[in-house]
file protein19.cif (mmCIF, C-alpha atoms)
data_model
loop_
_atom_site.label_atom_id
_atom_site.label_comp_id
_atom_site.auth_asym_id
_atom_site.auth_seq_id
_atom_site.Cartn_x
_atom_site.Cartn_y
_atom_site.Cartn_z
CA MET R 1 74.63 40.23 1.13
CA VAL R 2 71.40 40.51 -0.87
CA GLU R 3 68.84 42.66 0.88
CA ILE R 4 65.47 40.97 1.40
CA ASN R 5 62.23 42.89 1.38
CA LYS R 6 60.87 42.67 4.93
CA ASN R 7 57.23 43.00 3.84
CA PRO R 8 56.85 41.16 0.51
CA GLY R 9 53.09 41.66 0.31
CA ALA R 10 53.46 45.44 0.51
CA ILE R 11 55.21 45.78 -2.85
CA ALA R 12 52.49 44.21 -4.98
CA GLY R 13 49.82 45.30 -2.53
CA VAL R 14 46.84 44.51 -4.76
CA LEU R 15 46.30 40.84 -3.86
CA ASP R 16 46.59 38.92 -0.62
CA THR R 17 49.25 36.56 -1.91
CA ALA R 18 49.67 34.78 1.41
CA ARG R 19 46.02 33.74 1.32
CA ILE R 20 46.17 32.86 -2.37
CA LYS R 21 49.27 30.69 -1.92
CA GLY R 22 47.27 28.64 0.56
CA ASP R 23 44.91 27.63 -2.26
CA PHE R 24 47.76 25.88 -4.12
CA PRO R 25 48.98 22.65 -2.49
CA ILE R 26 52.18 22.47 -4.55
CA LEU R 27 53.35 25.83 -3.23
CA GLN R 28 53.61 24.29 0.23
CA ARG R 29 56.39 21.90 -0.80
CA THR R 30 60.16 22.28 -0.62
CA VAL R 31 62.75 21.79 -3.37
CA HIS R 32 66.29 20.85 -2.37
CA GLY R 33 65.36 21.61 1.20
CA LYS R 34 64.14 25.13 0.46
CA PRO R 35 60.60 26.50 0.15
CA LEU R 36 59.51 26.39 -3.49
CA VAL R 37 59.38 29.67 -5.41
CA TYR R 38 57.60 29.00 -8.69
CA LEU R 39 58.45 31.50 -11.44
CA ASP R 40 57.76 29.42 -14.55
CA ASN R 41 54.16 30.45 -15.06
CA ALA R 42 54.56 31.35 -18.73
CA ALA R 43 55.19 27.64 -19.35
CA THR R 44 52.58 26.21 -16.97
CA SER R 45 50.80 27.71 -14.00
CA GLN R 46 50.04 25.86 -10.80
CA THR R 47 46.63 24.45 -9.90
CA PRO R 48 44.41 25.47 -6.97
CA THR R 49 42.64 22.94 -4.80
CA ALA R 50 39.25 23.81 -6.31
CA VAL R 51 40.41 22.76 -9.77
CA ILE R 52 42.02 19.57 -8.50
CA ARG R 53 38.81 18.69 -6.68
CA ALA R 54 36.80 19.23 -9.85
CA LEU R 55 38.92 16.65 -11.66
CA VAL R 56 38.55 14.13 -8.86
CA ASP R 57 34.85 14.85 -8.46
CA TYR R 58 34.17 14.06 -12.12
CA TYR R 59 35.88 10.67 -11.92
CA GLU R 60 34.39 9.80 -8.55
CA ARG R 61 30.80 10.92 -9.13
CA TYR R 62 29.70 11.22 -12.76
CA ASN R 63 32.34 9.80 -15.10
CA ALA R 64 30.51 9.28 -18.39
CA ASN R 65 30.74 10.32 -22.02
CA VAL R 66 29.04 13.53 -23.13
CA HIS R 67 26.36 14.31 -25.72
CA ARG R 68 25.42 10.65 -26.22
CA GLY R 69 23.79 9.01 -23.25
CA ILE R 70 20.42 9.61 -21.65
CA HIS R 71 21.31 8.03 -18.33
CA THR R 72 21.90 10.20 -15.27
CA LEU R 73 25.69 10.17 -15.32
CA ALA R 74 25.86 11.07 -19.01
CA GLU R 75 23.40 13.90 -18.57
CA GLU R 76 25.30 15.27 -15.57
CA ALA R 77 28.60 15.07 -17.45
CA THR R 78 27.13 16.80 -20.49
CA ALA R 79 25.62 19.57 -18.38
CA ALA R 80 28.92 20.16 -16.57
CA TYR R 81 30.91 20.10 -19.83
CA GLU R 82 28.67 22.65 -21.52
CA ALA R 83 28.53 24.78 -18.36
CA ALA R 84 32.34 24.90 -18.49
CA ARG R 85 32.20 26.10 -22.10
CA ALA R 86 29.90 28.92 -21.03
CA LYS R 87 32.22 29.89 -18.15
CA VAL R 88 35.33 30.00 -20.31
CA ALA R 89 33.53 31.89 -23.07
CA ALA R 90 32.20 34.46 -20.59
CA LEU R 91 35.73 35.07 -19.30
CA ILE R 92 36.71 36.49 -22.71
CA GLY R 93 33.36 38.10 -23.56
CA ALA R 94 32.32 35.46 -26.09
CA SER R 95 29.20 33.38 -26.59
CA PRO R 96 29.40 29.64 -25.80
CA ASP R 97 28.70 28.72 -29.43
CA GLU R 98 31.81 30.68 -30.46
CA LEU R 99 34.15 28.63 -28.26
CA VAL R 100 35.70 25.32 -29.34
CA PHE R 101 37.46 23.13 -26.81
CA THR R 102 40.85 21.98 -28.11
CA ARG R 103 43.93 20.30 -26.65
CA GLY R 104 45.52 23.71 -26.19
CA THR R 105 46.73 26.83 -27.97
CA THR R 106 48.80 24.85 -30.48
CA GLU R 107 45.88 22.76 -31.69
CA ALA R 108 43.63 25.83 -31.77
CA LEU R 109 46.04 27.77 -34.00
CA ASN R 110 46.49 24.77 -36.30
CA LEU R 111 42.71 24.53 -36.54
CA VAL R 112 42.60 28.11 -37.80
CA ALA R 113 45.40 27.55 -40.31
CA TYR R 114 44.07 24.30 -41.73
CA GLY R 115 40.35 24.60 -41.02
CA TRP R 116 39.85 28.20 -42.11
CA ALA R 117 42.87 29.65 -43.92
CA ARG R 118 43.41 26.64 -46.16
CA GLN R 119 39.88 27.14 -47.51
CA HIS R 120 40.14 30.91 -47.95
CA LEU R 121 43.70 31.81 -48.94
CA ARG R 122 44.99 31.64 -52.51
CA PRO R 123 48.47 31.73 -54.08
CA GLY R 124 50.02 35.15 -53.69
CA ASP R 125 48.01 36.04 -50.59
CA GLU R 126 50.07 37.41 -47.72
CA VAL R 127 50.22 36.51 -44.04
CA LEU R 128 51.82 38.97 -41.64
CA VAL R 129 53.62 37.49 -38.63
CA THR R 130 55.97 38.95 -36.05
CA PRO R 131 59.44 37.98 -34.82
CA MET R 132 57.91 37.47 -31.36
CA GLU R 133 55.66 34.58 -32.32
CA HIS R 134 55.74 31.30 -30.45
CA HIS R 135 56.42 28.53 -32.92
CA SER R 136 52.75 27.53 -32.65
CA ASN R 137 51.69 30.75 -34.37
CA LEU R 138 54.47 30.65 -36.93
CA VAL R 139 55.19 27.10 -38.11
CA PRO R 140 51.57 26.36 -39.19
CA TRP R 141 51.66 29.47 -41.37
CA GLN R 142 55.04 28.45 -42.81
CA ARG R 143 53.65 25.03 -43.74
CA LEU R 144 50.49 26.52 -45.22
CA ALA R 145 52.54 29.06 -47.17
CA ARG R 146 54.53 26.27 -48.81
CA GLU R 147 51.38 24.30 -49.54
CA ARG R 148 49.27 27.17 -50.89
CA GLY R 149 51.90 29.49 -52.38
CA LEU R 150 51.42 32.21 -49.77
CA ARG R 151 53.88 34.93 -48.82
CA LEU R 152 54.90 35.39 -45.19
CA ARG R 153 56.00 38.88 -44.17
CA ALA R 154 57.28 39.90 -40.75
CA ILE R 155 56.27 43.06 -38.92
CA PRO R 156 59.53 44.44 -37.48
CA LEU R 157 60.14 45.27 -33.83
CA THR R 158 61.28 48.53 -32.35
CA GLU R 159 64.58 48.66 -30.55
CA ASP R 160 62.90 48.02 -27.20
CA GLY R 161 60.96 45.00 -28.41
CA ARG R 162 57.55 46.41 -29.33
CA LEU R 163 55.73 46.06 -32.65
CA ASP R 164 56.59 48.79 -35.14
CA LEU R 165 53.08 49.81 -36.14
CA ALA R 166 54.32 52.37 -38.65
CA ALA R 167 56.25 49.63 -40.43
CA MET R 168 53.18 47.40 -40.26
CA ASP R 169 51.18 50.01 -42.14
CA GLY R 170 53.74 49.78 -44.93
CA LEU R 171 53.24 46.03 -45.14
CA LEU R 172 49.44 46.09 -45.26
CA THR R 173 48.14 45.73 -48.82
CA GLU R 174 45.09 44.35 -50.58
CA ARG R 175 46.93 41.00 -50.63
CA THR R 176 47.17 40.86 -46.82
CA ARG R 177 44.67 38.23 -45.68
CA VAL R 178 45.87 37.27 -42.19
CA ILE R 179 47.76 38.95 -39.35
CA ALA R 180 49.00 36.26 -36.95
CA VAL R 181 50.13 37.96 -33.77
CA THR R 182 50.76 37.23 -30.14
CA HIS R 183 48.80 39.31 -27.65
CA MET R 184 51.68 39.01 -25.19
CA SER R 185 55.16 37.72 -25.93
CA ASN R 186 56.23 34.72 -23.89
CA VAL R 187 59.83 35.98 -24.01
CA LEU R 188 59.79 39.78 -23.97
CA GLY R 189 56.52 40.18 -22.09
CA THR R 190 55.52 42.76 -24.72
CA VAL R 191 51.77 43.41 -24.76
CA THR R 192 50.74 44.16 -28.32
CA PRO R 193 48.03 46.75 -29.15
CA LEU R 194 45.67 44.09 -30.43
CA ALA R 195 42.62 46.31 -30.83
CA GLU R 196 44.59 48.77 -32.94
CA ILE R 197 46.05 45.95 -35.04
CA ALA R 198 42.54 44.56 -35.61
CA ARG R 199 41.27 48.00 -36.64
CA ARG R 200 44.02 48.38 -39.22
CA ALA R 201 43.50 44.81 -40.43
CA ARG R 202 39.82 45.48 -41.11
CA GLU R 203 40.74 48.43 -43.30
CA VAL R 204 42.36 46.03 -45.80
CA GLY R 205 39.96 43.13 -45.26
CA ALA R 206 42.41 40.98 -43.29
CA VAL R 207 41.58 38.77 -40.32
CA VAL R 208 43.50 38.71 -37.03
CA VAL R 209 44.59 35.41 -35.50
CA ALA R 210 45.72 36.13 -31.94
CA ASP R 211 47.78 33.90 -29.68
CA GLY R 212 46.29 34.59 -26.27
CA ALA R 213 48.20 31.91 -24.36
CA GLN R 214 49.99 34.53 -22.26
CA SER R 215 47.37 37.28 -22.19
CA VAL R 216 44.12 35.52 -21.30
CA PRO R 217 45.47 34.20 -17.97
CA HIS R 218 46.83 37.59 -16.90
CA LEU R 219 44.84 40.42 -18.45
CA PRO R 220 41.19 41.38 -18.82
CA VAL R 221 40.42 40.18 -22.36
CA ASN R 222 37.22 40.90 -24.27
CA VAL R 223 37.10 39.63 -27.82
CA ARG R 224 34.38 42.10 -28.81
CA ALA R 225 36.41 45.09 -27.64
CA LEU R 226 39.59 43.73 -29.24
CA GLY R 227 37.86 43.02 -32.54
CA VAL R 228 39.89 39.89 -33.24
CA ASP R 229 38.62 37.12 -35.50
CA PHE R 230 40.33 34.24 -33.70
CA LEU R 231 41.84 33.90 -30.23
CA ALA R 232 43.60 30.78 -28.93
CA PHE R 233 44.55 29.98 -25.34
CA SER R 234 45.31 27.10 -22.95
CA ALA R 235 43.92 26.00 -19.60
CA HIS R 236 47.25 24.97 -18.10
CA LYS R 237 48.59 28.52 -18.23
CA MET R 238 45.56 29.85 -16.32
CA LEU R 239 45.30 27.56 -13.28
CA GLY R 240 43.66 24.70 -15.19
CA PRO R 241 44.80 21.21 -16.19
CA THR R 242 47.06 20.32 -19.09
CA GLY R 243 45.71 18.92 -22.34
CA VAL R 244 42.78 21.29 -22.82
CA GLY R 245 42.41 24.75 -24.29
CA ALA R 246 40.07 26.80 -26.40
CA LEU R 247 39.64 28.58 -29.68
CA TYR R 248 37.37 31.59 -29.96
CA ALA R 249 36.23 32.32 -33.49
CA ARG R 250 33.64 34.67 -34.89
CA ARG R 251 30.51 32.73 -35.66
CA GLU R 252 30.64 33.37 -39.41
CA TRP R 253 34.15 31.92 -39.61
CA LEU R 254 33.17 28.85 -37.62
CA GLU R 255 30.34 28.21 -40.06
CA GLU R 256 32.82 28.22 -42.96
CA MET R 257 35.59 26.19 -41.34
CA GLU R 258 36.42 22.58 -42.07
CA PRO R 259 37.17 20.25 -39.14
CA LEU R 260 40.65 18.81 -38.65
CA LEU R 261 39.32 15.51 -37.32
CA ALA R 262 36.36 13.45 -38.47
CA GLY R 263 34.51 10.86 -36.44
CA GLY R 264 31.98 10.54 -33.69
CA GLY R 265 30.28 13.57 -32.24
CA MET R 266 31.08 15.99 -35.06
CA ILE R 267 28.58 14.74 -37.64
CA ARG R 268 24.98 15.52 -38.46
CA ARG R 269 24.30 12.57 -40.75
CA VAL R 270 26.43 9.73 -42.14
CA THR R 271 25.74 7.31 -44.98
CA LEU R 272 28.07 4.78 -46.55
CA GLU R 273 28.84 7.33 -49.25
CA ASP R 274 28.95 10.68 -47.49
CA ALA R 275 28.61 12.70 -44.28
CA THR R 276 27.50 16.16 -43.22
CA TRP R 277 28.92 18.07 -40.28
CA ALA R 278 27.24 19.12 -37.06
CA ASP R 279 26.88 22.79 -36.21
CA PRO R 280 29.82 24.52 -34.50
CA PRO R 281 31.33 24.07 -32.02
CA ALA R 282 30.54 20.31 -32.03
CA ARG R 283 31.87 20.15 -35.60
CA PHE R 284 35.40 20.63 -34.29
CA GLU R 285 35.27 18.30 -31.27
CA ALA R 286 35.44 14.83 -32.82
CA GLY R 287 35.67 11.84 -30.52
CA THR R 288 35.57 11.84 -26.76
CA PRO R 289 36.92 15.16 -25.50
CA ASP R 290 38.89 15.79 -22.33
CA ILE R 291 35.69 16.01 -20.32
CA ALA R 292 37.29 16.22 -16.89
CA GLY R 293 39.83 18.75 -18.16
CA ALA R 294 37.17 20.97 -19.70
CA ILE R 295 35.08 20.91 -16.51
CA ALA R 296 38.16 21.80 -14.46
CA PHE R 297 38.96 24.54 -17.00
CA GLY R 298 35.59 26.05 -16.15
CA VAL R 299 36.44 25.95 -12.43
CA ALA R 300 39.74 27.70 -13.15
CA ALA R 301 37.76 30.40 -14.97
CA ASP R 302 35.54 30.70 -11.90
CA TYR R 303 38.61 31.12 -9.68
CA LEU R 304 40.06 33.87 -11.87
CA ARG R 305 36.72 35.64 -12.13
CA GLY R 306 36.38 35.51 -8.35
CA ILE R 307 39.69 37.30 -7.89
CA GLY R 308 39.21 39.55 -10.91
CA LEU R 309 41.57 39.74 -13.87
CA GLU R 310 41.82 43.50 -13.40
CA ALA R 311 43.28 42.81 -9.94
CA VAL R 312 45.56 40.09 -11.32
CA ALA R 313 46.89 42.48 -13.98
CA ALA R 314 47.42 45.29 -11.46
CA HIS R 315 49.23 42.93 -9.09
CA GLU R 316 51.56 41.75 -11.84
CA ARG R 317 52.29 45.30 -12.99
CA GLU R 318 53.50 46.19 -9.51
CA LEU R 319 55.46 42.97 -9.19
CA VAL R 320 57.15 43.43 -12.57
CA ARG R 321 58.17 46.98 -11.62
CA TYR R 322 59.75 45.64 -8.45
CA ALA R 323 61.44 42.74 -10.28
CA TRP R 324 62.71 45.10 -12.98
CA GLU R 325 64.49 47.26 -10.39
CA ARG R 326 65.84 44.34 -8.37
CA LEU R 327 67.19 42.45 -11.38
CA ARG R 328 68.94 45.53 -12.72
CA GLU R 329 70.96 45.59 -9.50
CA VAL R 330 72.63 42.29 -10.46
CA PRO R 331 76.01 42.94 -12.16
CA GLY R 332 76.22 41.68 -15.73
CA LEU R 333 72.49 41.05 -16.12
CA THR R 334 70.73 42.12 -19.33
CA ILE R 335 66.93 42.31 -19.54
CA TYR R 336 65.31 41.94 -22.97
CA GLY R 337 62.20 43.76 -24.10
CA PRO R 338 60.37 46.94 -23.17
CA GLY R 339 60.09 48.63 -19.80
CA PRO R 340 57.55 47.57 -17.18
CA GLU R 341 54.86 49.90 -18.54
CA HIS R 342 54.70 47.95 -21.84
CA ARG R 343 55.02 44.38 -20.64
CA GLY R 344 53.15 41.69 -18.75
CA GLY R 345 54.50 39.44 -16.03
CA VAL R 346 57.45 38.01 -17.97
CA ILE R 347 61.11 39.00 -17.74
CA SER R 348 63.75 37.23 -19.84
CA PHE R 349 67.41 37.95 -19.22
CA THR R 350 70.99 36.79 -19.61
CA LEU R 351 73.73 36.85 -17.00
CA GLU R 352 77.16 37.65 -18.36
CA GLY R 353 79.54 34.72 -18.05
CA VAL R 354 76.80 32.22 -17.15
CA HIS R 355 74.81 30.13 -19.63
CA ALA R 356 71.05 30.43 -19.23
CA HIS R 357 70.79 26.72 -18.46
CA ASP R 358 73.36 27.07 -15.68
CA VAL R 359 71.42 30.03 -14.29
CA ALA R 360 68.28 27.91 -14.15
CA GLN R 361 70.09 24.97 -12.58
CA VAL R 362 71.61 27.09 -9.83
CA ALA R 363 68.23 28.72 -9.24
CA ASP R 364 66.65 25.28 -8.89
CA GLY R 365 69.24 24.42 -6.27
CA GLU R 366 67.99 27.47 -4.38
CA GLY R 367 64.40 26.29 -4.66
CA VAL R 368 63.52 28.78 -7.42
CA ALA R 369 61.90 27.43 -10.60
CA ILE R 370 62.59 29.48 -13.75
CA ARG R 371 62.81 28.58 -17.42
CA ALA R 372 65.89 28.58 -19.67
CA GLY R 373 66.23 28.11 -23.42
CA HIS R 374 64.67 29.63 -26.53
CA HIS R 375 61.11 29.27 -25.15
CA CYS R 376 59.78 28.00 -28.51
CA ALA R 377 60.75 31.34 -30.02
CA GLN R 378 63.96 30.70 -31.94
CA PRO R 379 63.49 33.50 -34.51
CA LEU R 380 63.14 36.00 -31.69
CA HIS R 381 66.32 34.81 -30.02
CA ALA R 382 68.11 35.07 -33.36
CA HIS R 383 66.82 38.65 -33.55
CA LEU R 384 68.11 39.31 -30.02
CA GLY R 385 71.48 37.77 -30.90
CA VAL R 386 71.46 35.23 -28.08
CA PRO R 387 70.91 31.45 -28.28
CA ALA R 388 68.98 31.28 -25.02
CA THR R 389 67.65 33.37 -22.17
CA ALA R 390 66.61 32.69 -18.61
CA ARG R 391 63.00 33.62 -17.91
CA ALA R 392 61.11 34.50 -14.76
CA SER R 393 57.34 34.67 -15.19
CA PHE R 394 54.91 35.71 -12.49
CA TYR R 395 51.33 35.05 -11.49
CA LEU R 396 48.77 35.96 -8.88
CA TYR R 397 50.42 33.86 -6.13
CA ASN R 398 53.88 35.44 -6.52
CA ASP R 399 55.11 38.31 -4.37
CA ALA R 400 58.16 40.49 -3.84
CA GLY R 401 59.70 37.88 -1.54
CA ASP R 402 59.76 35.50 -4.51
CA VAL R 403 61.63 38.10 -6.53
CA ASP R 404 64.14 38.51 -3.71
CA ARG R 405 64.72 34.75 -3.68
CA LEU R 406 65.39 34.88 -7.43
CA VAL R 407 67.90 37.69 -6.98
CA GLN R 408 69.66 35.67 -4.28
CA ALA R 409 69.88 32.74 -6.70
CA LEU R 410 71.41 34.96 -9.40
CA TYR R 411 74.09 36.15 -7.02
CA ALA R 412 74.78 32.50 -6.20
CA ALA R 413 75.19 31.77 -9.92
CA ARG R 414 77.62 34.65 -10.31
CA LYS R 415 79.62 33.40 -7.38
CA LEU R 416 79.91 29.95 -8.96
CA PHE R 417 80.64 30.94 -12.56
CA VAL R 418 81.99 34.49 -12.69
CA ARG R 419 85.56 35.15 -11.67
CA PRO R 420 86.04 38.08 -9.29
#
call {"tool": "encode", "arguments": {"input": "protein19.cif", "output": "structure tokens"}}
result
Amino acid sequence: MVEINKNPGAIAGVLDTARIKGDFPILQRTVHGKPLVYLDNAATSQTPTAVIRALVDYYERYNANVHRGIHTLAEEATAAYEAARAKVAALIGASPDELVFTRGTTEALNLVAYGWARQHLRPGDEVLVTPMEHHSNLVPWQRLARERGLRLRAIPLTEDGRLDLAAMDGLLTERTRVIAVTHMSNVLGTVTPLAEIARRAREVGAVVVADGAQSVPHLPVNVRALGVDFLAFSAHKMLGPTGVGALYARREWLEEMEPLLAGGGMIRRVTLEDATWADPPARFEAGTPDIAGAIAFGVAADYLRGIGLEAVAAHERELVRYAWERLREVPGLTIYGPGPEHRGGVISFTLEGVHAHDVAQVADGEGVAIRAGHHCAQPLHAHLGVPATARASFYLYNDAGDVDRLVQALYAARKLFVRP
């Protein structure tokens, strides 16, 4: 019989998870007759009532296009849209004019590759990547390398799944122009020393393009302190809606970048023969943006600021320590990546004798939502020597009781698939 923690809030201790859960309507539902335990936050987080209300409020009260009309609804929509930009920028220590709204992390990283790097990189230039990268921070660089004659080089990992900084030093040369690196791995949970990487990059004149999809929702992030040139992240991983995200870029890079899309809203002047671009960030937001999504993104930033990302990070550290110990009790379970002190709220694992997809399906039958597959990180799984892993990822509304439910589900999977 799996022992259940009698006081789940006492393990994490930092946040009042019972109160926080009450802010999320979906966490009140059942799945297969059991209370939902949602542990797929690295893919998409859940949405609090305040964010849902912001979406509805926009469509019910001031649905209008932004930056174009002078009527009341248009002015209210524009004010709310730009206020959201300021809120999201403040969350990462940036200025509003350094933040571009995008459809998400993927579009933001492609904007860097094709809007900035395509203009600045020349044949023979080198781009450093890591085996941990999500495909969104790898495939654009592969495509650009083929197009521009660039060389991709990979910073190796240590045995426990951290970046080998000593090996990185050996790869840095005068030809290194870009270091494309995740701030936190969506598979291993590894938190990379981004400020140190940026410092070393500056020594050779390289820029740092950081994937913050997993870090910005969970850690205190300040782009000035980190010293990064670009940082991409998504609303839907940080309590906001899907279909909207952001790119932070240093002002001087934004001034030099070319837009991916051309059309309304991103121009200064158009003639039949030519056009000139608007100032950033409008230059990169052609057409009608996801106005409601951006406004709700700002409300999600408000929610996180109200709780405090320092508290969120501390809560997840305690929860990961607890999950690490509980999962290691399960026979035949292998955890990938560094120990709790070097990772965020993500734990990927395999269960001997059970395919990762079967683990996830059994867990779903127990009301526990986890992810299974390669998590858009196939090179990393090739490095690990496994085709797929199961992944539990935590957030501010999870507690030790949720971990216990996961452990119960894993024992159920063993009972179904592993012979005694």
call {"tool": "resolve_selection", "arguments": {"input": "protein19.cif", "expression": "the PyMOL selection byres ((chain R and resi 373) around 7)", "output": "list of chain:residue names"}}
result
R:Ala356, R:His357, R:Arg371, R:Ala372, R:His374, R:His375, R:Ala388, R:Thr389, R:Ala390
call {"tool": "residues_around", "arguments": {"input": "protein19.cif", "residues": "segment 103-118 of chain R", "least_positions_apart": "4", "cutoff": "7 Å", "atoms": "all atoms listed in the file", "output": "VMD selection string"}}
result
chain R and resid 136 to 137 140 to 141 213 232 to 234 243 to 247 257 to 260
call {"tool": "write_last_selection", "arguments": {"input": "protein19.cif", "atoms": "C-alpha atoms", "output": "PDB file, in the frame of the given file"}}
result
ATOM      1  CA  SER R 136      52.750  27.530 -32.650  1.00  0.00           C
ATOM      2  CA  ASN R 137      51.690  30.750 -34.370  1.00  0.00           C
ATOM      3  CA  PRO R 140      51.570  26.360 -39.190  1.00  0.00           C
ATOM      4  CA  TRP R 141      51.660  29.470 -41.370  1.00  0.00           C
ATOM      5  CA  ALA R 213      48.200  31.910 -24.360  1.00  0.00           C
ATOM      6  CA  ALA R 232      43.600  30.780 -28.930  1.00  0.00           C
ATOM      7  CA  PHE R 233      44.550  29.980 -25.340  1.00  0.00           C
ATOM      8  CA  SER R 234      45.310  27.100 -22.950  1.00  0.00           C
ATOM      9  CA  GLY R 243      45.710  18.920 -22.340  1.00  0.00           C
ATOM     10  CA  VAL R 244      42.780  21.290 -22.820  1.00  0.00           C
ATOM     11  CA  GLY R 245      42.410  24.750 -24.290  1.00  0.00           C
ATOM     12  CA  ALA R 246      40.070  26.800 -26.400  1.00  0.00           C
ATOM     13  CA  LEU R 247      39.640  28.580 -29.680  1.00  0.00           C
ATOM     14  CA  MET R 257      35.590  26.190 -41.340  1.00  0.00           C
ATOM     15  CA  GLU R 258      36.420  22.580 -42.070  1.00  0.00           C
ATOM     16  CA  PRO R 259      37.170  20.250 -39.140  1.00  0.00           C
ATOM     17  CA  LEU R 260      40.650  18.810 -38.650  1.00  0.00           C
TER      18      LEU R 260
END
call {"tool": "closest_residue", "arguments": {"input": "protein19.cif", "among": "R:Phe394, R:Ser215, R:Ala296, R:Arg153", "to": "Thr49 of chain R", "atoms": "only C-alpha atoms"}}
result
R:Ala296
call {"tool": "residues_near_point", "arguments": {"input": "protein19.cif", "point": "(39.7, 10.4, -34.8)", "cutoff": "12 Å", "atoms": "all atoms listed in the file", "output": "number ranges by chain"}}
result
R: 259-266, 284-289
call {"tool": "residues_around", "arguments": {"input": "protein19.cif", "residues": "segment 318-331 of chain R", "least_positions_apart": "5", "cutoff": "9 Å", "atoms": "all atoms listed in the file", "output": "count of residues only"}}
result
26
call {"tool": "axis_aligned_box", "arguments": {"input": "protein19.cif", "around": "segment 157-170 of chain R", "padding_each_side": "8 Å", "output": "AutoDock Vina command-line options"}}
result
--center_x 57.9 --center_y 48.7 --center_z -36.1 --size_x 29.4 --size_y 23.4 --size_z 33.7
call {"tool": "atom_distance", "arguments": {"input": "protein19.cif", "atom1": "atom CA of Glu310 of chain R", "atom2": "atom CA of Pro281 of chain R"}}
result
28.9 Å
call {"tool": "residues_near_point", "arguments": {"input": "protein19.cif", "point": "(78.4, 27.5, -7.4)", "cutoff": "12 Å", "atoms": "all atoms listed in the file", "output": "PyMOL selection string"}}
result
chain R and resi 354+358-359+361-363+365-366+409-419
call {"tool": "atom_distance", "arguments": {"input": "protein19.cif", "atom1": "atom CA of Leu150 of chain R", "atom2": "atom CA of Met168 of chain R"}}
result
18.0 Å
call {"tool": "closest_residue", "arguments": {"input": "protein19.cif", "among": "R:Ile92, R:Val178, R:Ile155, R:Leu128", "to": "Asn222 of chain R", "atoms": "all atoms listed in the file"}}
result
R:Ile92
call {"tool": "decode", "arguments": {"input": "protein19.cif", "residues": "segment 314-337 of chain R", "atoms": "C-alpha atoms", "output": "mmCIF file, in the first residue's frame"}}
result
data_model
loop_
_atom_site.group_PDB
_atom_site.id
_atom_site.type_symbol
_atom_site.label_atom_id
_atom_site.label_comp_id
_atom_site.auth_asym_id
_atom_site.auth_seq_id
_atom_site.Cartn_x
_atom_site.Cartn_y
_atom_site.Cartn_z
ATOM 1 C CA ALA R 314 10.758 28.251 -3.326
ATOM 2 C CA HIS R 315 7.515 26.259 -3.332
ATOM 3 C CA GLU R 316 8.593 24.257 -6.372
ATOM 4 C CA ARG R 317 12.038 23.563 -4.919
ATOM 5 C CA GLU R 318 10.439 21.979 -1.863
ATOM 6 C CA LEU R 319 7.935 20.078 -3.969
ATOM 7 C CA VAL R 320 10.619 18.737 -6.308
ATOM 8 C CA ARG R 321 12.676 17.532 -3.339
ATOM 9 C CA TYR R 322 9.648 15.665 -2.046
ATOM 10 C CA ALA R 323 8.801 14.246 -5.488
ATOM 11 C CA TRP R 324 12.424 13.207 -6.020
ATOM 12 C CA GLU R 325 12.388 11.110 -2.841
ATOM 13 C CA ARG R 326 8.939 9.630 -3.429
ATOM 14 C CA LEU R 327 9.614 8.655 -7.034
ATOM 15 C CA ARG R 328 12.889 6.979 -6.127
ATOM 16 C CA GLU R 329 10.884 4.631 -3.906
ATOM 17 C CA VAL R 330 9.162 3.157 -6.982
ATOM 18 C CA PRO R 331 10.952 -0.043 -8.118
ATOM 19 C CA GLY R 332 12.413 0.148 -11.615
ATOM 20 C CA LEU R 333 12.017 3.920 -11.969
ATOM 21 C CA THR R 334 14.862 5.974 -13.455
ATOM 22 C CA ILE R 335 14.947 9.774 -13.126
ATOM 23 C CA TYR R 336 16.872 11.752 -15.746
ATOM 24 C CA GLY R 337 18.815 14.910 -15.068
#
